[in-house]
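A.B. asks: There's a structure below that I have some questions on.
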There are 2 protein chains.
Amino acid sequence: MGKYQIVVDAMGSDGAPEVEVKASMEAVAEFDDIVIKLVGKEEEINKYLTPHDRIEVIHAEDIITNHDDPVRSIRRKKEASIVKALTEIKEGRSHAIVGAGSTGALLTGATLILGRIKGVSRPALGPVVTAVNGRQMVMIDIGATSDARPEYLVQNALMGQIYSKVMTGTEKPTVGLLNIGAEAKKGNELYVAAHKLLAEDESVNFVGNVEARDILNGEVDVLVSDGFGGNIMLKTVEGTALAIFDILKQELTSSFLSKILTGMLRNKLRNVKKRLDYTETGGASLVGVNGIVIKTHGSANVKAYRNAIKQARLMTQKDVVNRIKEEINS
Amino acid sequence: MGKYQIVVDAMGSDGAPEVEVKASMEAVAEFDDIVIKLVGKEEEINKYLTPHDRIEVIHAEDIITNHDDPVRSIRRKKEASIVKALTEIKEGRSHAIVGAGSTGALLTGATLILGRIKGVSRPALGPVVTAVNGRQMVMIDIGATSDARPEYLVQNALMGQIYSKVMTGTEKPTVGLLNIGAEAKKGNELYVAAHKLLAEDESVNFVGNVEARDILNGEVDVLVSDGFGGNIMLKTVEGTALAIFDILKQELTSSFLSKILTGMLRNKLRNVKKRLDYTETGGASLVGVNGIVIKTHGSANVKAYRNAIKQARLMTQKDVVNRIKEEINS
């Protein structure tokens, strides 16, 4: 195919399709080796699109929202943008998909339509988060598989290592296990068993448990968890950050500091937020399925969305699907 | 016994026994209805103690540290301060214990020596955390029982309701379930089953799931979780707060803001920290055992330690153990 073919579900974000269209236009301007296919309501897409020889529009009449049941709607709504977008990959016309809509629909759709890579028990979802020390960490799984078995966590580690190498260029990424204490016996049954398997597996560069308190310190390149625990962790980081900014704003405006100073500080706070915001490095990637699948926030702006497209390009270029296939089946 | 008898493990905190002794002296000065028994190395305790008719010293030769195996050391080290302190309650001479040492040793010791309240399947540990909107929330369980069953979470809710009533005076506390989404079917098997049981139980004032992202918004009075998930959540809050303060300090000192302003801001940051610091309202209480057990941070200062003693007094006064006994067996 020559160029990297990226499908964009144009109807997913809060600002759809404007955000998706603008991000796509910026992306084709930045990278001459990609083709973008915008899938969604043609008429609405065309409102924002300046025609470009590397942007195609694929009309899709329907949309799957957060209110739809993921499994049912993926099976029934054949005209939904996300179903048509995934079918592009399934049928070999595209390599990667970027979406900002219902996470459940994207994960379910990717699993049902693209299927799992042979040998992968369960797909896993992971963003790249920048730690306080600047290290870019892959957190995997943060929500694809809620009921995990110990061996799934080992696969998360193996897939996470490849993901980390591709995203950060780290030669031999280190792997840590999210946990409630440093010792091997800490955690619930799942985590105690996973720790043992990770320590025994020679393909995993395992360095031990990482306490939840230390996750943002950047002690490892890959932080492994089950989907439930990982989601609790990542959402708690987001919620705590928002809470602290709220309290700080209350403290500042009720204080001696003038409005002007508060305004100046706002920039600093924005920088802090940026550092913790994973959309700065792309989206969360669903690994373990037959295709590159990137989920970004519903609230993504053009820049965040463009970062997600950039990540889709990089993961396609580095042939992540085949590398995972080889690693899991070696 | 007339007065509330509170045992203090004098050897637990990083600043032991000075912190414990000073906090005890402040507490007896504040409350004339308590007697404190300081358990630990008499000679060291006496260095800081001004004799008082409501402070006793019980000599204990040994200490259990974080490096000791909790179960083994509780069974073997009969002369350890924590074992002697718990024995005071077991033998009916005291009502409550406050400790800042090894969490594992305190939980194991309380369970083995005091035993569980009849009908309680597993004890649960919970702090009282102040949310952004000022609401004081009981988070339960944040680490006592890592492998939970759905019915344990219902007991956590029942115990949490009593705990919340006592600590905040709320007449009919609301209960939420920590989870990864709002819908009843969200979560792993444990949480889906727990949600169902909580919704069915008429004794529980259940209002639904609380997403990890919203835990600090103060939507409920009691936030129920299993010990593993709850610990991941609470430690992530702590870690994120520390990370944000670190980044913010880097941002501020590298900026146009003069050192003086940064110094002024430090007070504001301290206020934010205070709001999120549960030692402001006391310690974490282990509920479900035959006695009041309060665990405070190893890094507790005199004020935080005194808050934990204050909480022990209040929970004794409100007869929490018997109220849980009645609730669980009704």
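Within each chain, counting starts at residue 1; across the structure tokens, chains are named A, B, ... in the order shown, with ligands numbered 1 upward in that order.
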Taking only C-alpha atoms into account, what are the residues of chain B at most 7 Å from chain A, put as JSON, numbers by chain?
C.D. replies: {"B": [132, 146, 147, 180, 187, 188, 189, 212, 213, 214, 216, 228, 229, 231, 232, 233, 235, 236, 237, 238, 239, 240, 241, 243, 244, 247, 248, 251, 268, 272]}
A.B. asks: Check range 8-213 of chain A with DSSP on the backbone and list each residue it calls alpha helix (DSSP H), as a CSV table (one decimal) with C-alpha atoms, in the first residue's frame.
C.D. replies:
```csv
chain,number,residue,atom,x,y,z
A,18,GLU,CA,-14.6,19.5,13.5
A,19,VAL,CA,-11.8,18.3,15.8
A,20,GLU,CA,-11.3,15.1,13.9
A,21,VAL,CA,-11.2,16.9,10.5
A,22,LYS,CA,-8.9,19.7,11.6
A,23,ALA,CA,-6.5,17.2,13.3
A,24,SER,CA,-6.5,15.1,10.1
A,25,MET,CA,-5.7,18.1,8.0
A,26,GLU,CA,-2.8,19.0,10.3
A,27,ALA,CA,-1.6,15.4,10.3
A,28,VAL,CA,-1.4,15.0,6.5
A,29,ALA,CA,0.4,18.3,6.3
A,30,GLU,CA,3.0,17.1,8.9
A,42,GLU,CA,-20.1,13.2,4.9
A,43,GLU,CA,-22.1,16.4,4.8
A,44,GLU,CA,-20.9,17.4,8.3
A,45,ILE,CA,-17.3,16.4,7.6
A,46,ASN,CA,-17.2,18.5,4.4
A,47,LYS,CA,-18.2,21.6,6.4
A,48,TYR,CA,-14.7,21.6,7.9
A,70,PRO,CA,-21.4,-1.8,23.1
A,71,VAL,CA,-21.8,-5.4,22.1
A,72,ARG,CA,-25.4,-5.0,20.8
A,73,SER,CA,-24.7,-1.9,18.9
A,74,ILE,CA,-21.5,-3.1,17.3
A,75,ARG,CA,-23.4,-6.2,16.1
A,76,ARG,CA,-26.5,-4.4,14.9
A,81,SER,CA,-19.0,5.1,11.8
A,82,ILE,CA,-16.9,3.0,14.1
A,83,VAL,CA,-18.1,-0.3,12.6
A,84,LYS,CA,-17.3,1.0,9.1
A,85,ALA,CA,-14.0,2.3,10.2
A,86,LEU,CA,-13.0,-1.1,11.8
A,87,THR,CA,-14.2,-2.9,8.7
A,88,GLU,CA,-11.6,-0.9,6.7
A,89,ILE,CA,-8.9,-2.5,8.7
A,90,LYS,CA,-10.5,-5.9,8.8
A,103,THR,CA,-14.5,3.3,24.8
A,104,GLY,CA,-16.7,0.2,25.3
A,105,ALA,CA,-17.8,0.3,21.6
A,106,LEU,CA,-14.2,0.8,20.3
A,107,LEU,CA,-12.8,-2.0,22.5
A,108,THR,CA,-15.7,-4.4,21.8
A,109,GLY,CA,-15.7,-3.5,18.1
A,150,PRO,CA,-2.3,-14.0,36.2
A,151,GLU,CA,-1.1,-15.1,32.8
A,152,TYR,CA,-2.9,-12.1,31.2
A,153,LEU,CA,-0.7,-9.8,33.2
A,154,VAL,CA,2.4,-11.6,31.8
A,155,GLN,CA,1.1,-10.9,28.3
A,156,ASN,CA,0.4,-7.3,29.3
A,157,ALA,CA,4.1,-7.1,30.2
A,158,LEU,CA,5.3,-8.6,26.9
A,159,MET,CA,3.0,-6.4,24.9
A,160,GLY,CA,3.9,-3.4,27.0
A,161,GLN,CA,7.6,-4.0,26.4
A,162,ILE,CA,7.1,-3.8,22.7
A,163,TYR,CA,4.8,-0.8,23.0
A,164,SER,CA,7.3,1.0,25.2
A,165,LYS,CA,10.2,0.3,22.8
A,166,VAL,CA,8.2,1.7,19.9
A,167,MET,CA,6.9,4.8,21.7
A,168,THR,CA,10.1,5.8,23.6
A,189,GLU,CA,-4.4,-13.7,44.9
A,190,LEU,CA,-4.2,-12.4,41.3
A,191,TYR,CA,-1.3,-10.1,42.0
A,192,VAL,CA,0.7,-12.5,44.1
A,193,ALA,CA,0.4,-15.1,41.3
A,194,ALA,CA,1.2,-12.6,38.6
A,195,HIS,CA,4.3,-11.4,40.5
A,196,LYS,CA,5.5,-15.0,40.6
A,197,LEU,CA,4.9,-15.6,36.9
A,198,LEU,CA,6.5,-12.3,35.9
A,199,ALA,CA,9.6,-13.0,38.0
A,200,GLU,CA,10.0,-16.4,36.5
```
A.B. asks: From a backbone DSSP assignment, name each residue in range 91-174 of chain A labelled strand (DSSP E), as a PyMOL selection string.
C.D. replies: chain A and resi 96-99+124-126+128-130+136-140
A.B. asks: Can you pull out every residue within 10 Å of Gly126 in chain B, counting only C-alpha atoms, but drop anything in the same chain fewer than 3 positions away, and send it as a PyMOL selection string?
C.D. replies: chain B and resi 129+137-144+156+160+163+222-224+227+230-231+283-287+294-295
A.B. asks: Store the residues of this selection in a file with N, CA and C atoms, as a PDB file, in the first residue's frame.
C.D. replies:
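Contents of the output file part26.pdb:
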```
ATOM      1  N   VAL B 129     -11.749  10.930  55.015  1.00  0.00           N
ATOM      2  CA  VAL B 129     -11.081  11.842  54.091  1.00  0.00           C
ATOM      3  C   VAL B 129     -12.002  13.026  53.798  1.00  0.00           C
ATOM      4  N   MET B 137     -15.708  11.868  54.248  1.00  0.00           N
ATOM      5  CA  MET B 137     -16.088  10.562  53.718  1.00  0.00           C
ATOM      6  C   MET B 137     -15.298   9.447  54.375  1.00  0.00           C
ATOM      7  N   VAL B 138     -16.008   8.370  54.731  1.00  0.00           N
ATOM      8  CA  VAL B 138     -15.335   7.161  55.200  1.00  0.00           C
ATOM      9  C   VAL B 138     -15.003   6.318  53.977  1.00  0.00           C
ATOM     10  N   MET B 139     -13.726   5.995  53.808  1.00  0.00           N
ATOM     11  CA  MET B 139     -13.333   5.079  52.730  1.00  0.00           C
ATOM     12  C   MET B 139     -13.041   3.729  53.367  1.00  0.00           C
ATOM     13  N   ILE B 140     -13.775   2.701  52.927  1.00  0.00           N
ATOM     14  CA  ILE B 140     -13.661   1.421  53.599  1.00  0.00           C
ATOM     15  C   ILE B 140     -13.858   0.273  52.615  1.00  0.00           C
ATOM     16  N   ASP B 141     -12.996  -0.615  52.352  1.00  0.00           N
ATOM     17  CA  ASP B 141     -11.772  -0.958  53.034  1.00  0.00           C
ATOM     18  C   ASP B 141     -10.583  -0.443  52.237  1.00  0.00           C
ATOM     19  N   ILE B 142      -9.575   0.108  52.910  1.00  0.00           N
ATOM     20  CA  ILE B 142      -8.427   0.588  52.157  1.00  0.00           C
ATOM     21  C   ILE B 142      -7.193  -0.281  52.419  1.00  0.00           C
ATOM     22  N   GLY B 143      -7.405  -1.517  52.849  1.00  0.00           N
ATOM     23  CA  GLY B 143      -6.232  -2.384  52.906  1.00  0.00           C
ATOM     24  C   GLY B 143      -6.242  -3.542  53.897  1.00  0.00           C
ATOM     25  N   ALA B 144      -7.333  -3.759  54.616  1.00  0.00           N
ATOM     26  CA  ALA B 144      -7.309  -4.860  55.583  1.00  0.00           C
ATOM     27  C   ALA B 144      -7.478  -6.215  54.894  1.00  0.00           C
ATOM     28  N   ASN B 156     -18.791  -4.080  54.773  1.00  0.00           N
ATOM     29  CA  ASN B 156     -18.046  -2.816  54.812  1.00  0.00           C
ATOM     30  C   ASN B 156     -19.014  -1.635  54.789  1.00  0.00           C
ATOM     31  N   GLY B 160     -19.358   0.839  57.695  1.00  0.00           N
ATOM     32  CA  GLY B 160     -19.020   2.201  57.284  1.00  0.00           C
ATOM     33  C   GLY B 160     -20.116   3.197  57.640  1.00  0.00           C
ATOM     34  N   TYR B 163     -19.710   3.940  61.288  1.00  0.00           N
ATOM     35  CA  TYR B 163     -18.465   4.699  61.427  1.00  0.00           C
ATOM     36  C   TYR B 163     -18.704   6.155  61.002  1.00  0.00           C
ATOM     37  N   VAL B 222     -20.016   7.321  52.565  1.00  0.00           N
ATOM     38  CA  VAL B 222     -19.235   6.090  52.739  1.00  0.00           C
ATOM     39  C   VAL B 222     -18.876   5.553  51.356  1.00  0.00           C
ATOM     40  N   LEU B 223     -17.579   5.381  51.115  1.00  0.00           N
ATOM     41  CA  LEU B 223     -17.142   4.838  49.829  1.00  0.00           C
ATOM     42  C   LEU B 223     -16.617   3.426  50.070  1.00  0.00           C
ATOM     43  N   VAL B 224     -17.358   2.455  49.545  1.00  0.00           N
ATOM     44  CA  VAL B 224     -17.038   1.046  49.796  1.00  0.00           C
ATOM     45  C   VAL B 224     -16.123   0.486  48.703  1.00  0.00           C
ATOM     46  N   GLY B 227     -10.187  -4.321  49.870  1.00  0.00           N
ATOM     47  CA  GLY B 227      -8.941  -3.802  50.429  1.00  0.00           C
ATOM     48  C   GLY B 227      -7.882  -3.525  49.387  1.00  0.00           C
ATOM     49  N   GLY B 230      -9.171  -0.443  47.152  1.00  0.00           N
ATOM     50  CA  GLY B 230      -9.207   0.732  48.013  1.00  0.00           C
ATOM     51  C   GLY B 230      -7.818   1.252  48.328  1.00  0.00           C
ATOM     52  N   ASN B 231      -6.876   0.325  48.513  1.00  0.00           N
ATOM     53  CA  ASN B 231      -5.513   0.742  48.799  1.00  0.00           C
ATOM     54  C   ASN B 231      -4.876   1.381  47.572  1.00  0.00           C
ATOM     55  N   GLY B 283      -7.049   8.869  62.446  1.00  0.00           N
ATOM     56  CA  GLY B 283      -6.283   7.857  61.724  1.00  0.00           C
ATOM     57  C   GLY B 283      -7.219   7.014  60.901  1.00  0.00           C
ATOM     58  N   ALA B 284      -6.703   5.872  60.458  1.00  0.00           N
ATOM     59  CA  ALA B 284      -7.570   4.898  59.797  1.00  0.00           C
ATOM     60  C   ALA B 284      -8.006   3.924  60.879  1.00  0.00           C
ATOM     61  N   SER B 285      -9.291   3.608  60.878  1.00  0.00           N
ATOM     62  CA  SER B 285      -9.790   2.724  61.932  1.00  0.00           C
ATOM     63  C   SER B 285     -10.021   1.325  61.380  1.00  0.00           C
ATOM     64  N   LEU B 286      -9.582   0.309  62.146  1.00  0.00           N
ATOM     65  CA  LEU B 286      -9.872  -1.073  61.766  1.00  0.00           C
ATOM     66  C   LEU B 286     -11.177  -1.450  62.441  1.00  0.00           C
ATOM     67  N   VAL B 287     -12.226  -1.589  61.643  1.00  0.00           N
ATOM     68  CA  VAL B 287     -13.526  -1.925  62.228  1.00  0.00           C
ATOM     69  C   VAL B 287     -13.866  -3.383  61.963  1.00  0.00           C
ATOM     70  N   ILE B 294      -7.044   2.188  66.053  1.00  0.00           N
ATOM     71  CA  ILE B 294      -6.757   3.329  65.173  1.00  0.00           C
ATOM     72  C   ILE B 294      -5.302   3.275  64.738  1.00  0.00           C
ATOM     73  N   LYS B 295      -5.110   3.305  63.424  1.00  0.00           N
ATOM     74  CA  LYS B 295      -3.754   3.328  62.866  1.00  0.00           C
ATOM     75  C   LYS B 295      -3.487   4.708  62.289  1.00  0.00           C
TER      76      LYS B 295
END
```
A.B. asks: Just want the 10 Å neighbourhood of Ser330 in chain B, counted on only C-alpha atoms, with same-chain residues fewer than 4 positions away dropped. Output as a PDB file with N, CA and C atoms, in the first residue's frame.
C.D. replies:
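selection-v1.pdb written:
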```
ATOM      1  N   GLY B 119     -20.127 -12.580  63.607  1.00  0.00           N
ATOM      2  CA  GLY B 119     -20.924 -12.243  62.431  1.00  0.00           C
ATOM      3  C   GLY B 119     -20.156 -11.457  61.385  1.00  0.00           C
ATOM      4  N   SER B 203     -30.864  -2.478  54.470  1.00  0.00           N
ATOM      5  CA  SER B 203     -30.142  -1.800  55.552  1.00  0.00           C
ATOM      6  C   SER B 203     -29.068  -0.852  55.027  1.00  0.00           C
ATOM      7  N   ILE B 324     -21.791  -2.042  65.918  1.00  0.00           N
ATOM      8  CA  ILE B 324     -21.531  -2.920  64.762  1.00  0.00           C
ATOM      9  C   ILE B 324     -22.064  -4.321  65.055  1.00  0.00           C
ATOM     10  N   LYS B 325     -21.844  -4.776  66.287  1.00  0.00           N
ATOM     11  CA  LYS B 325     -22.321  -6.104  66.687  1.00  0.00           C
ATOM     12  C   LYS B 325     -23.836  -6.205  66.441  1.00  0.00           C
ATOM     13  N   GLU B 326     -24.563  -5.187  66.891  1.00  0.00           N
ATOM     14  CA  GLU B 326     -26.028  -5.198  66.713  1.00  0.00           C
ATOM     15  C   GLU B 326     -26.420  -5.148  65.241  1.00  0.00           C
TER      16      GLU B 326
END
```
A.B. asks: What separation in Å, quoted to one decimal, exists between CA of Asn307 in chain B and CA of Gly40 in chain B?
C.D. replies: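 Here the two named atoms are 20.4 Å from each other.
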A.B. asks: In Å, with one decimal, what is the gap from CA of Ala308 in chain A to CA of Thr296 in chain A?
C.D. replies: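 CA of Thr296 in chain A lies at a distance of 6.5 Å from CA of Ala308 in chain A.
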